[in-house]
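start34.tsv follows; it contains TSV, C-alpha atoms and all ligand atoms.
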```
chain	number	residue	atom	x	y	z
A	1	MET	CA	-42.26	12.97	-65.15
A	2	PHE	CA	-40.57	12.72	-61.74
A	3	LYS	CA	-37.21	14.36	-61.20
A	4	THR	CA	-35.56	13.79	-57.84
A	5	ARG	CA	-32.04	13.45	-56.48
A	6	ILE	CA	-32.51	9.69	-56.93
A	7	THR	CA	-33.46	9.87	-60.64
A	8	ASP	CA	-30.44	12.15	-61.12
A	9	LEU	CA	-28.05	10.01	-59.06
A	10	PHE	CA	-28.95	6.78	-60.87
A	11	GLY	CA	-29.78	8.28	-64.28
A	12	ILE	CA	-33.23	6.62	-64.38
A	13	GLU	CA	-36.61	7.71	-65.71
A	14	TYR	CA	-38.89	6.70	-62.81
A	15	PRO	CA	-37.80	6.99	-59.16
A	16	ILE	CA	-38.53	3.28	-58.74
A	17	VAL	CA	-36.06	0.63	-57.59
A	18	GLY	CA	-36.96	-2.99	-58.32
A	19	GLY	CA	-36.00	-4.68	-55.07
A	20	THR	CA	-33.31	-7.31	-55.24
A	21	MET	CA	-34.69	-10.82	-54.62
A	22	MET	CA	-32.86	-13.98	-53.73
A	23	HIS	CA	-33.39	-16.59	-56.48
A	24	LEU	CA	-35.49	-14.17	-58.53
A	25	ALA	CA	-33.44	-11.03	-59.20
A	26	MET	CA	-31.51	-12.73	-61.96
A	27	VAL	CA	-30.60	-11.39	-65.40
A	28	GLU	CA	-34.06	-11.22	-66.93
A	29	TYR	CA	-35.68	-9.53	-63.91
A	30	THR	CA	-32.89	-6.99	-63.44
A	31	ALA	CA	-32.70	-6.02	-67.09
A	32	ALA	CA	-36.51	-5.80	-67.31
A	33	VAL	CA	-36.74	-3.34	-64.40
A	34	SER	CA	-34.01	-1.15	-65.87
A	35	GLU	CA	-35.42	-1.34	-69.40
A	36	ALA	CA	-38.80	-0.31	-67.96
A	37	GLY	CA	-37.25	2.91	-66.61
A	38	GLY	CA	-36.52	1.92	-63.01
A	39	LEU	CA	-33.37	0.57	-61.38
A	40	GLY	CA	-32.97	-3.20	-61.54
A	41	VAL	CA	-30.83	-4.74	-58.78
A	42	LEU	CA	-29.15	-8.08	-59.46
A	43	ALA	CA	-28.74	-10.24	-56.34
A	44	SER	CA	-25.05	-11.23	-56.35
A	45	ALA	CA	-25.69	-13.90	-53.71
A	46	ASN	CA	-27.49	-15.92	-56.38
A	47	PHE	CA	-24.10	-16.73	-57.85
A	48	LYS	CA	-21.67	-19.01	-56.10
A	49	ASP	CA	-19.33	-19.07	-59.08
A	50	MET	CA	-17.64	-15.75	-59.96
A	51	GLU	CA	-17.47	-16.58	-63.66
A	52	LEU	CA	-21.24	-17.18	-63.76
A	53	PHE	CA	-21.67	-13.88	-61.93
A	54	ARG	CA	-19.51	-12.12	-64.53
A	55	LYS	CA	-21.51	-13.78	-67.32
A	56	ALA	CA	-24.74	-12.53	-65.77
A	57	LEU	CA	-23.45	-8.95	-65.63
A	58	ARG	CA	-22.46	-9.16	-69.28
A	59	GLU	CA	-25.87	-10.54	-70.24
A	60	ILE	CA	-27.61	-7.66	-68.48
A	61	LYS	CA	-25.42	-5.21	-70.38
A	62	VAL	CA	-26.53	-6.88	-73.63
A	63	ARG	CA	-30.20	-6.70	-72.66
A	64	THR	CA	-30.17	-3.08	-71.51
A	65	LYS	CA	-27.98	-0.04	-71.96
A	66	LYS	CA	-29.75	1.60	-69.01
A	67	PRO	CA	-28.31	1.78	-65.48
A	68	PHE	CA	-28.64	-1.21	-63.18
A	69	ALA	CA	-27.21	-2.08	-59.76
A	70	VAL	CA	-25.83	-5.11	-57.98
A	71	ASN	CA	-26.75	-6.05	-54.42
A	72	LEU	CA	-24.08	-7.23	-52.00
A	73	ASN	CA	-25.58	-9.36	-49.28
A	74	PHE	CA	-24.59	-8.80	-45.63
A	75	PHE	CA	-27.21	-11.10	-44.13
A	76	PRO	CA	-26.13	-14.11	-42.07
A	77	ALA	CA	-25.66	-17.12	-44.34
A	78	LEU	CA	-24.87	-20.76	-43.74
A	79	ASN	CA	-22.01	-20.52	-46.23
A	80	GLN	CA	-20.55	-17.11	-45.51
A	81	ILE	CA	-20.05	-14.94	-48.57
A	82	ASP	CA	-16.84	-13.05	-49.33
A	83	ASN	CA	-18.23	-9.84	-50.77
A	84	ASN	CA	-14.77	-8.72	-51.87
A	85	LEU	CA	-14.81	-11.48	-54.52
A	86	TYR	CA	-18.08	-10.14	-55.95
A	87	LEU	CA	-16.71	-6.63	-55.76
A	88	ASN	CA	-13.69	-7.63	-57.86
A	89	VAL	CA	-16.06	-8.66	-60.66
A	90	ILE	CA	-18.38	-5.67	-60.16
A	91	LEU	CA	-15.49	-3.23	-60.56
A	92	ASP	CA	-13.99	-5.21	-63.46
A	93	GLU	CA	-17.28	-5.13	-65.32
A	94	GLY	CA	-17.82	-1.41	-64.78
A	95	VAL	CA	-21.03	-1.62	-62.71
A	96	ARG	CA	-21.78	1.91	-61.51
A	97	ILE	CA	-24.22	1.31	-58.63
A	98	VAL	CA	-23.90	-1.07	-55.67
A	99	GLU	CA	-26.63	-1.70	-53.13
A	100	THR	CA	-25.72	-3.30	-49.81
A	101	SER	CA	-28.21	-4.84	-47.40
A	102	GLY	CA	-28.04	-7.00	-44.31
A	103	HIS	CA	-27.52	-7.02	-40.60
A	104	ARG	CA	-24.60	-4.62	-40.60
A	105	ALA	CA	-23.11	-1.63	-42.41
A	106	PRO	CA	-20.77	-2.51	-45.30
A	107	GLU	CA	-17.66	-1.12	-43.64
A	108	ASP	CA	-15.33	-3.71	-45.13
A	109	VAL	CA	-16.16	-2.86	-48.76
A	110	VAL	CA	-17.06	0.83	-48.64
A	111	GLY	CA	-13.46	1.98	-49.18
A	112	ARG	CA	-13.09	0.07	-52.45
A	113	ILE	CA	-16.54	1.12	-53.68
A	114	LYS	CA	-15.93	4.81	-53.05
A	115	LYS	CA	-12.38	4.74	-54.40
A	116	ALA	CA	-13.75	3.36	-57.69
A	117	GLY	CA	-16.29	6.20	-57.85
A	118	VAL	CA	-19.18	3.73	-57.67
A	119	THR	CA	-22.48	4.92	-56.18
A	120	LEU	CA	-23.30	3.18	-52.91
A	121	VAL	CA	-26.85	2.69	-51.65
A	122	HIS	CA	-27.37	0.97	-48.32
A	123	LYS	CA	-30.71	-0.64	-47.49
A	124	CYS	CA	-31.79	-0.90	-43.85
A	125	VAL	CA	-34.77	-0.84	-41.51
A	126	GLY	CA	-34.01	1.83	-38.91
A	127	VAL	CA	-32.85	5.39	-38.28
A	128	ARG	CA	-29.64	4.43	-36.50
A	129	TYR	CA	-28.59	2.08	-39.31
A	130	ALA	CA	-29.33	4.79	-41.88
A	131	LYS	CA	-27.18	7.32	-39.99
A	132	LYS	CA	-24.37	4.81	-39.66
A	133	ALA	CA	-24.44	4.05	-43.41
A	134	GLU	CA	-24.41	7.75	-44.25
A	135	SER	CA	-21.50	8.31	-41.87
A	136	ILE	CA	-19.36	5.72	-43.68
A	137	GLY	CA	-20.11	7.21	-47.10
A	138	ALA	CA	-23.38	5.84	-48.54
A	139	ASP	CA	-24.64	8.10	-51.35
A	140	ALA	CA	-28.27	7.18	-50.73
A	141	ILE	CA	-30.22	5.23	-48.12
A	142	THR	CA	-33.06	2.83	-48.72
A	143	VAL	CA	-35.38	2.16	-45.79
A	144	VAL	CA	-38.13	-0.38	-45.72
A	145	GLY	CA	-40.87	-0.59	-43.13
A	146	TYR	CA	-42.26	-3.59	-41.32
A	147	GLU	CA	-44.83	-4.27	-44.05
A	148	ASN	CA	-42.12	-5.24	-46.50
A	149	GLY	CA	-41.50	-8.59	-48.08
A	150	GLY	CA	-38.26	-10.24	-46.96
A	151	ALA	CA	-36.05	-9.34	-44.01
A	152	THR	CA	-37.78	-7.06	-41.51
A	153	GLY	CA	-35.11	-6.86	-38.81
A	154	THR	CA	-36.21	-6.50	-35.20
A	155	LEU	CA	-37.35	-2.88	-34.91
A	156	ASP	CA	-40.77	-3.42	-36.51
A	157	VAL	CA	-41.32	0.21	-37.53
A	158	THR	CA	-43.94	0.82	-40.20
A	159	THR	CA	-43.16	2.58	-43.47
A	160	LEU	CA	-45.37	5.57	-42.60
A	161	CYS	CA	-43.35	6.23	-39.45
A	162	LEU	CA	-39.91	5.15	-40.62
A	163	VAL	CA	-39.51	7.00	-43.92
A	164	PRO	CA	-39.99	10.57	-42.60
A	165	ARG	CA	-37.81	9.81	-39.56
A	166	VAL	CA	-34.98	8.69	-41.83
A	167	VAL	CA	-35.55	11.61	-44.22
A	168	ASP	CA	-35.15	13.95	-41.24
A	169	SER	CA	-32.06	12.15	-39.97
A	170	VAL	CA	-29.81	12.03	-43.04
A	171	LYS	CA	-28.77	14.48	-45.72
A	172	VAL	CA	-28.39	12.00	-48.58
A	173	PRO	CA	-31.49	11.12	-50.63
A	174	VAL	CA	-33.76	8.41	-49.27
A	175	ILE	CA	-35.57	5.63	-51.10
A	176	GLY	CA	-38.56	4.40	-49.12
A	177	GLY	CA	-40.61	1.25	-49.32
A	178	GLY	CA	-42.33	-1.58	-47.61
A	179	GLY	CA	-45.91	-2.05	-48.75
A	180	VAL	CA	-45.80	0.03	-51.91
A	181	GLY	CA	-48.18	-1.84	-54.19
A	182	ASP	CA	-49.34	0.83	-56.62
A	183	GLY	CA	-48.99	4.48	-57.57
A	184	ARG	CA	-50.92	5.67	-54.53
A	185	GLY	CA	-48.31	4.07	-52.30
A	186	MET	CA	-45.58	5.54	-54.44
A	187	ALA	CA	-47.07	9.05	-54.10
A	188	ALA	CA	-47.42	8.53	-50.35
A	189	VAL	CA	-43.77	7.54	-49.90
A	190	LEU	CA	-42.65	10.52	-52.01
A	191	ALA	CA	-44.94	12.73	-49.88
A	192	LEU	CA	-43.12	11.44	-46.79
A	193	GLY	CA	-39.95	12.99	-48.20
A	194	ALA	CA	-38.39	10.02	-49.97
A	195	GLU	CA	-36.97	10.73	-53.40
A	196	GLY	CA	-37.50	7.22	-54.69
A	197	VAL	CA	-39.50	4.10	-53.88
A	198	ILE	CA	-38.46	0.47	-53.70
A	199	VAL	CA	-40.86	-2.30	-54.66
A	200	GLY	CA	-40.32	-6.02	-54.29
A	201	THR	CA	-43.61	-7.78	-53.64
A	202	LYS	CA	-45.34	-5.95	-56.49
A	203	LEU	CA	-42.80	-7.35	-58.94
A	204	LEU	CA	-43.39	-10.97	-57.87
A	205	VAL	CA	-46.25	-10.89	-60.38
A	206	ALA	CA	-44.26	-9.33	-63.23
A	207	GLU	CA	-44.09	-11.57	-66.29
A	208	GLU	CA	-40.28	-11.45	-66.27
A	209	THR	CA	-39.89	-12.61	-62.66
A	210	PRO	CA	-38.82	-16.28	-62.69
A	211	LEU	CA	-41.54	-17.64	-60.40
A	212	HIS	CA	-43.73	-20.49	-61.61
A	213	PRO	CA	-46.80	-19.01	-63.41
A	214	GLU	CA	-49.18	-20.92	-61.16
A	215	ILE	CA	-47.62	-19.34	-58.04
A	216	LYS	CA	-47.99	-15.91	-59.62
A	217	GLN	CA	-51.66	-16.61	-60.31
A	218	ARG	CA	-52.22	-17.67	-56.70
A	219	LEU	CA	-50.46	-14.52	-55.49
A	220	THR	CA	-52.86	-12.35	-57.50
A	221	GLY	CA	-55.65	-13.72	-55.31
A	222	ALA	CA	-53.83	-13.06	-52.02
A	223	THR	CA	-54.70	-10.20	-49.69
A	224	GLU	CA	-52.82	-8.09	-47.14
A	225	LEU	CA	-53.74	-10.73	-44.54
A	226	ASP	CA	-51.81	-13.44	-46.34
A	227	THR	CA	-48.31	-12.76	-44.99
A	228	MET	CA	-46.62	-13.81	-41.76
A	229	LEU	CA	-43.30	-13.46	-39.96
A	230	VAL	CA	-40.94	-16.43	-39.79
A	231	LEU	CA	-37.45	-17.17	-38.45
A	232	ARG	CA	-37.65	-14.70	-35.55
A	233	SER	CA	-36.30	-17.51	-33.32
A	234	LEU	CA	-33.10	-17.48	-35.42
A	235	GLY	CA	-32.76	-13.69	-35.24
A	236	ASN	CA	-33.41	-13.52	-38.99
A	237	THR	CA	-37.04	-12.40	-39.21
A	238	HIS	CA	-38.59	-12.51	-42.66
A	239	ARG	CA	-42.07	-11.58	-43.85
A	240	VAL	CA	-43.27	-14.32	-46.18
A	241	TRP	CA	-46.36	-15.59	-47.96
A	242	LYS	CA	-48.65	-17.40	-45.51
A	243	ASN	CA	-48.61	-20.82	-47.13
A	244	ASP	CA	-48.18	-24.39	-45.85
A	245	THR	CA	-44.39	-24.09	-45.73
A	246	ALA	CA	-44.44	-20.87	-43.70
A	247	GLN	CA	-46.96	-22.32	-41.24
A	248	LYS	CA	-44.80	-25.42	-40.77
A	249	VAL	CA	-41.74	-23.22	-40.17
A	250	VAL	CA	-43.54	-21.28	-37.43
A	251	GLU	CA	-44.84	-24.49	-35.89
A	252	ILE	CA	-41.28	-25.84	-35.64
A	253	GLU	CA	-40.11	-22.54	-34.13
A	254	LYS	CA	-42.94	-22.59	-31.56
A	255	ASN	CA	-41.93	-26.09	-30.54
A	256	GLY	CA	-38.36	-24.97	-29.98
A	257	GLY	CA	-36.98	-26.58	-33.13
A	258	GLY	CA	-33.65	-25.22	-34.32
A	259	ILE	CA	-31.86	-24.77	-37.60
A	260	ASP	CA	-31.42	-28.51	-38.26
A	261	GLU	CA	-35.14	-29.08	-38.14
A	262	LEU	CA	-35.85	-25.96	-40.20
A	263	LEU	CA	-33.30	-26.48	-42.94
A	264	PRO	CA	-35.34	-28.92	-45.07
A	265	LEU	CA	-37.92	-26.13	-45.41
A	266	ILE	CA	-35.75	-23.02	-45.59
A	267	ALA	CA	-32.48	-24.02	-47.28
A	268	GLY	CA	-31.67	-21.94	-50.34
A	269	MET	CA	-31.62	-24.91	-52.72
A	270	VAL	CA	-35.05	-26.08	-51.53
A	271	THR	CA	-36.52	-22.60	-51.91
A	272	LYS	CA	-35.07	-22.16	-55.37
A	273	GLU	CA	-36.64	-25.42	-56.55
A	274	LYS	CA	-40.01	-24.53	-55.05
A	275	PHE	CA	-40.06	-21.19	-56.88
A	276	ALA	CA	-39.77	-23.03	-60.19
A	277	GLN	CA	-42.54	-25.58	-59.51
A	278	ALA	CA	-46.31	-25.41	-59.31
A	279	GLY	CA	-47.20	-25.68	-55.62
A	280	ASP	CA	-47.15	-23.56	-52.50
A	281	GLY	CA	-43.98	-21.69	-53.52
A	282	GLY	CA	-42.02	-22.77	-50.42
A	283	MET	CA	-40.65	-20.01	-48.25
A	284	LEU	CA	-41.48	-17.06	-50.46
A	285	ALA	CA	-40.76	-13.57	-49.11
A	286	CYS	CA	-43.87	-11.46	-49.57
A	287	GLY	CA	-45.03	-8.16	-48.14
A	288	MET	CA	-48.44	-6.83	-47.14
A	289	GLY	CA	-48.62	-5.00	-50.46
A	290	ILE	CA	-49.53	-8.36	-52.00
A	291	GLY	CA	-53.18	-7.35	-51.63
A	292	LEU	CA	-52.55	-4.81	-54.39
A	293	CYS	CA	-50.95	-7.29	-56.81
A	294	THR	CA	-54.03	-8.40	-58.66
A	295	GLU	CA	-52.72	-8.97	-62.17
A	296	VAL	CA	-49.70	-10.57	-63.84
A	297	LEU	CA	-48.31	-7.91	-66.18
A	298	PRO	CA	-45.13	-7.11	-68.10
A	299	MET	CA	-42.59	-5.20	-66.01
A	300	ARG	CA	-42.80	-2.19	-68.30
A	301	GLU	CA	-46.55	-1.94	-67.73
A	302	ILE	CA	-46.25	-2.30	-63.94
A	303	LEU	CA	-43.79	0.59	-63.72
A	304	ARG	CA	-45.64	2.73	-66.25
A	305	ARG	CA	-48.94	2.33	-64.38
A	306	MET	CA	-47.33	2.93	-61.01
A	307	ALA	CA	-45.77	6.22	-62.11
A	308	ALA	CA	-48.96	7.36	-63.87
A	309	GLU	CA	-51.10	6.49	-60.82
A	310	ALA	CA	-48.68	8.34	-58.55
A	311	GLN	CA	-49.03	11.40	-60.72
A	312	GLN	CA	-52.83	11.12	-60.61
A	313	ALA	CA	-52.78	10.69	-56.84
A	314	LEU	CA	-50.71	13.83	-56.42
A	315	ALA	CA	-53.00	15.78	-58.78
A	316	ARG	CA	-56.03	14.56	-56.80
A	317	LEU	CA	-54.46	15.81	-53.56
A	318	ASN	CA	-53.67	19.10	-55.17
A	319	ARG	CA	-57.35	19.55	-56.06
A	320	LEU	CA	-58.25	19.17	-52.39
A	321	ILE	CA	-56.58	22.49	-51.67
A	322	PRO	CA	-59.00	25.36	-52.41
A	323	SER	CA	-57.34	27.99	-54.60
A	401	LIG	C1	-39.12	-12.78	-52.82
A	401	LIG	C2	-38.27	-11.69	-52.23
A	401	LIG	C3	-36.93	-11.90	-52.02
A	401	LIG	C4	-36.13	-10.89	-51.48
A	401	LIG	N1	-34.80	-11.11	-51.32
A	401	LIG	C5	-34.01	-10.11	-50.87
A	401	LIG	C6	-32.60	-10.28	-50.77
A	401	LIG	O1	-32.06	-11.35	-51.08
A	401	LIG	N2	-31.87	-9.24	-50.30
A	401	LIG	C7	-32.43	-8.05	-49.95
A	401	LIG	O2	-31.73	-7.12	-49.57
A	401	LIG	N3	-33.76	-7.86	-50.04
A	401	LIG	C8	-34.57	-8.85	-50.50
A	401	LIG	N4	-35.90	-8.64	-50.61
A	401	LIG	C9	-36.48	-7.33	-50.25
A	401	LIG	C10	-36.69	-6.43	-51.48
A	401	LIG	O3	-35.49	-6.16	-52.13
A	401	LIG	C11	-37.35	-5.10	-51.10
A	401	LIG	O4	-36.55	-4.39	-50.19
A	401	LIG	C12	-38.73	-5.31	-50.47
A	401	LIG	O5	-39.41	-6.32	-51.17
A	401	LIG	C13	-39.54	-4.02	-50.50
A	401	LIG	O6	-40.75	-4.16	-49.80
A	401	LIG	P1	-42.11	-4.70	-50.50
A	401	LIG	O7	-41.94	-6.16	-50.66
A	401	LIG	O8	-43.17	-4.36	-49.52
A	401	LIG	O9	-42.27	-4.00	-51.81
A	401	LIG	C14	-36.72	-9.65	-51.11
A	401	LIG	C15	-38.09	-9.46	-51.31
A	401	LIG	C16	-38.87	-10.45	-51.86
A	401	LIG	C17	-40.34	-10.19	-52.05
```

Please go through the file and, once you have read it, give me the structure as C-alpha cells.
Ligand SMILES: Cc1cc2nc3c(=O)[nH]c(=O)nc-3n(C[C@H](O)[C@H](O)[C@H](O)COP(=O)(O)O)c2cc1C
Amino acid sequence: MFKTRITDLFGIEYPIVGGTMMHLAMVEYTAAVSEAGGLGVLASANFKDMELFRKALREIKVRTKKPFAVNLNFFPALNQIDNNLYLNVILDEGVRIVETSGHRAPEDVVGRIKKAGVTLVHKCVGVRYAKKAESIGADAITVVGYENGGATGTLDVTTLCLVPRVVDSVKVPVIGGGGVGDGRGMAAVLALGAEGVIVGTKLLVAEETPLHPEIKQRLTGATELDTMLVLRSLGNTHRVWKNDTAQKVVEIEKNGGGIDELLPLIAGMVTKEKFAQAGDGGMLACGMGIGLCTEVLPMREILRRMAAEAQQALARLNRLIPS
C-alpha cells in the first residue's frame, strides 16, 4: 500500500517503525511490531547479560520471520554500556538492521556494522546530527521533533519544521516522527518528505507492550497537555507523562537537587518496577501524541488502522485539488 525507500530498505509492509523503548521494547513488543508489518526495534540496553540478550534475539526469530532491528544506546548512562559487546551478539545472530540513538554519532561501531553489510539507521533530533550520521555511513536517518516521547535533546525543533529540513539536508531516506498518533500524522510526515514514520507513544497502549494494564487505561484518558520535560538540569531532557513522579522530579530540579536526590525516582530499576505495577507509572516517557491514544488495541490493529487512515487522509487531500 505504501512503497518507499524505507519499505524497500527494511523489507517491511508499512513504512512504520515501532520506536525502541527502554524497559518496554522487549521480545513481545518487538516481534509484535514486526509481525504487524512494521519494523520492531529491540532495546539492547534492556539486557545487562549478553546471554540473555542472545536469548531474546532468538526468541524474536521464533516469533516472527519478518525483519526486526536492534537499538544500540549512545545516551549517557550511570553504568556505561560497551556497545561492541552487544554488536558481537547482533552480528553472531545475523540481525540485519541496527538503529543507533543517543547524544553522539556511533563512530566507534559504524565500521563493524558496515563491514558486516548490516543496515544502519541513526536516530537524532537535529539537522547537523543527521548530516554527521550520513557522513559516517548511516543508510537512513530517523529524526524526531520536540513533541516526541523520550529524549528530546536541547534543540527543541518541532516535527513539522525538523523533518523537511532533514529531508533537504541528506540524500539517504528519512524516517520522521515525534507526535505521530494516527494515520493523519503519518500522512503528514510522509508529505513532509519522510519515507517512513516512527511511533513510540502510540504503542504504549498496544496490548503487547509490557506496561501494567491500569497504566495503559489511564493513558487512554490523557491529552496532549499531559506531558512535561524533565532532567534538563542534567543535560538529559526527556518528555514524560505528567504524573506525580515527573512533578516531583521537576520540583527537585528547581530546588537545585542533583543526581543523588533524583536517583530514587529516575533509576532504571525503579522505573522498570513502576511500569509493571498499578500506579502512576513512574518516570514514563510519553509524547504529545498521547492525546490520540484513546484505545488499548492489538499491535496489528494499531498499525493496520494507521496505514489505512494515512491512505484516507492522502485521498482526502487529493480531492481538494480541482481536476
Ligand atoms: C516509554 C518510551 C521509552 C523510550 N525509550 C527510548 C530508548 O530507550 N531509546 C531511544 O532511542 N528512544 C526511546 N524512546 C523514543 C522512541 O523510540 C521514539 O523515537 C519516540 O517515541 C517517537 O516519538 P513519539 O513518542 O511522539 O511517537 C522511548 C519512547 C517512549 C515513549

Enumerate, as a ChimeraX atom specification, the protein, DNA and RNA residues whose atoms approach (-39.9, -9.5, -57.7) to within 7 Å, taking into account only C-alpha atoms and the coordinate frame of the file.
/A:19,21,24-25,200-204,209

Selection: 12 Å around A:Asp260, only C-alpha atoms, excl. self and same-chain fewer than 5 positions, as a ChimeraX atom specification
/A:78,234,249,252-253,265-267

Residues of chain A that approach ligand LIG 401 (chain A) to 9 Å or less, counting all atoms listed in the file: could you list each one with the shortest pair of atoms and its distance in Å to one decimal, rows by chain and increasing residue number, as a tab-separated table?
```
residue	atom	partner	partner_atom	distance
A:Val17	CA	A:LIG401	O3	8.7
A:Gly18	CA	A:LIG401	O3	7.1
A:Gly19	CA	A:LIG401	O3	3.3
A:Thr20	CA	A:LIG401	O3	4.0
A:Met21	CA	A:LIG401	N1	3.3
A:Met22	CA	A:LIG401	O1	3.8
A:His23	CA	A:LIG401	C3	7.4
A:Leu24	CA	A:LIG401	C1	6.9
A:Ala25	CA	A:LIG401	N1	8.0
A:Val41	CA	A:LIG401	O3	8.2
A:Ala43	CA	A:LIG401	O1	6.3
A:Ser44	CA	A:LIG401	O1	8.8
A:Ala45	CA	A:LIG401	O1	7.3
A:Asn46	CA	A:LIG401	O1	8.4
A:Asn71	CA	A:LIG401	O2	7.0
A:Leu72	CA	A:LIG401	O2	8.0
A:Asn73	CA	A:LIG401	N2	6.4
A:Phe74	CA	A:LIG401	O2	8.3
A:Phe75	CA	A:LIG401	N2	8.0
A:Glu99	CA	A:LIG401	O2	8.2
A:Thr100	CA	A:LIG401	O2	7.1
A:Ser101	CA	A:LIG401	O2	4.7
A:Gly102	CA	A:LIG401	O2	6.4
A:Lys123	CA	A:LIG401	O2	6.9
A:Cys124	CA	A:LIG401	O2	8.5
A:Thr142	CA	A:LIG401	O4	8.2
A:Val143	CA	A:LIG401	O4	8.0
A:Val144	CA	A:LIG401	O6	6.1
A:Gly145	CA	A:LIG401	O6	7.6
A:Tyr146	CA	A:LIG401	O8	8.3
A:Glu147	CA	A:LIG401	O8	5.7
A:Asn148	CA	A:LIG401	O8	3.3
A:Gly149	CA	A:LIG401	O7	3.6
A:Gly150	CA	A:LIG401	C15	4.4
A:Ala151	CA	A:LIG401	C9	6.6
A:Thr152	CA	A:LIG401	C9	8.8
A:Gly176	CA	A:LIG401	C13	8.6
A:Gly177	CA	A:LIG401	O6	5.4
A:Gly178	CA	A:LIG401	O8	3.5
A:Gly179	CA	A:LIG401	O8	3.7
A:Val180	CA	A:LIG401	O9	5.4
A:Gly181	CA	A:LIG401	O9	6.7
A:Val197	CA	A:LIG401	C13	8.8
A:Ile198	CA	A:LIG401	C13	5.6
A:Val199	CA	A:LIG401	O9	3.6
A:Gly200	CA	A:LIG401	O5	3.3
A:Thr201	CA	A:LIG401	O7	3.8
A:Lys202	CA	A:LIG401	O9	5.9
A:Leu203	CA	A:LIG401	C17	7.8
A:Leu204	CA	A:LIG401	C17	6.6
A:Arg239	CA	A:LIG401	C17	8.5
A:Val240	CA	A:LIG401	C17	7.8
A:Met283	CA	A:LIG401	C1	8.7
A:Leu284	CA	A:LIG401	C1	5.4
A:Ala285	CA	A:LIG401	C1	4.1
A:Cys286	CA	A:LIG401	C17	4.5
A:Gly287	CA	A:LIG401	O8	4.5
A:Met288	CA	A:LIG401	O8	6.3
A:Gly289	CA	A:LIG401	O8	5.6
A:Ile290	CA	A:LIG401	O8	7.9
```

Residues near A:Lys131, cut-off 10 Å, all atoms listed in the file, skip fewer than 5 positions along chain, as a list in words:
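The neighbour list is Gly126, Ile136, Ala138, Ile141, Val166, Ser169, Val170, Lys171 and Val172 of chain A.
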
Which is closest to A:Lys272 among A:Leu211, A:Ile259, A:Leu85, A:Ala56, if we use all atoms listed in the file?
A:Leu211

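Restricting the calculation to all atoms listed in the file, the smallest distance between A:Asn84 and any of A:Leu303, A:Met50, A:Leu120, A:Ala315 is found for A:Met50.
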
Could you check the closest approach to A:Lys216 for each of A:Glu261, A:Asp8, A:Asp139, A:Asp280 and tell me which residue wins, using all atoms listed in the file?
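Looking only at the distances to A:Lys216, the closest residue turns out to be A:Asp280.
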
Excluding A:Ala308 and its own-chain neighbours fewer than 5 positions away, which residues fall within 10 Å of it when counting only C-alpha atoms? Please give them as a PDB file with C-alpha atoms, keeping the file's coordinate frame.
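As written to disk, selection24.pdb reads:
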```pdb
ATOM      1  CA  MET A   1     -42.260  12.970 -65.150  1.00  0.00           C
ATOM      2  CA  ASP A 182     -49.340   0.830 -56.620  1.00  0.00           C
ATOM      3  CA  GLY A 183     -48.990   4.480 -57.570  1.00  0.00           C
ATOM      4  CA  ARG A 184     -50.920   5.670 -54.530  1.00  0.00           C
ATOM      5  CA  LEU A 303     -43.790   0.590 -63.720  1.00  0.00           C
ATOM      6  CA  ALA A 313     -52.780  10.690 -56.840  1.00  0.00           C
TER       7      ALA A 313
END
```

Would you pick out the contacts of A:Asn236 at 8 Å or less, using only C-alpha atoms, so that residues sharing its chain but fewer than 2 positions from it are not included, and give the list as a PyMOL selection string?
chain A and resi 76+151+153+231-234+238

Would you list the contacts of A:Met299 as a list in words, taking every protein, DNA or RNA residue within 7 Å and counting only C-alpha atoms, but skipping same-chain residues closer than 2 positions in sequence?
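These residues fall inside the cut-off: Ala32, Val33, Ala36, Ala206, Glu207, Glu208, Leu297, Glu301, Ile302 and Leu303 of chain A.
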
Take the selection from the previous step and output its residues with C-alpha atoms, as a short mmCIF file (atom, residue, chain, number, x, y, z; two decimals), keeping the file's coordinate frame.
```cif
data_model
loop_
_atom_site.label_atom_id
_atom_site.label_comp_id
_atom_site.auth_asym_id
_atom_site.auth_seq_id
_atom_site.Cartn_x
_atom_site.Cartn_y
_atom_site.Cartn_z
CA ALA A 32 -36.51 -5.80 -67.31
CA VAL A 33 -36.74 -3.34 -64.40
CA ALA A 36 -38.80 -0.31 -67.96
CA ALA A 206 -44.26 -9.33 -63.23
CA GLU A 207 -44.09 -11.57 -66.29
CA GLU A 208 -40.28 -11.45 -66.27
CA LEU A 297 -48.31 -7.91 -66.18
CA GLU A 301 -46.55 -1.94 -67.73
CA ILE A 302 -46.25 -2.30 -63.94
CA LEU A 303 -43.79 0.59 -63.72
#
```

Report the distance between atom CA of A:Pro213 and atom CA of A:Ala278 in Å, rounded to one decimal place.
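Interatomic distance here is 7.6 Å.
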
When distances are computed from all atoms listed in the file, which of A:Leu314, A:Thr245, A:Ile12, A:Lys114 shows the smallest separation from A:Thr271?
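So, comparing all the options, the nearest one is A:Thr245.
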
Which distance in Å separates atom CA of A:Trp241 and atom CA of A:Thr227, to one decimal?
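Atom CA of A:Thr227 lies 4.5 Å from atom CA of A:Trp241.
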
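One finds atom CA of A:Ala222 at 23.2 Å from atom CA of A:Ala307.
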
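Using only C-alpha atoms, the shortest contact distance between A:Thr220 and any of A:Ile6, A:Leu292, A:Val167, A:Met186 is found at A:Leu292.
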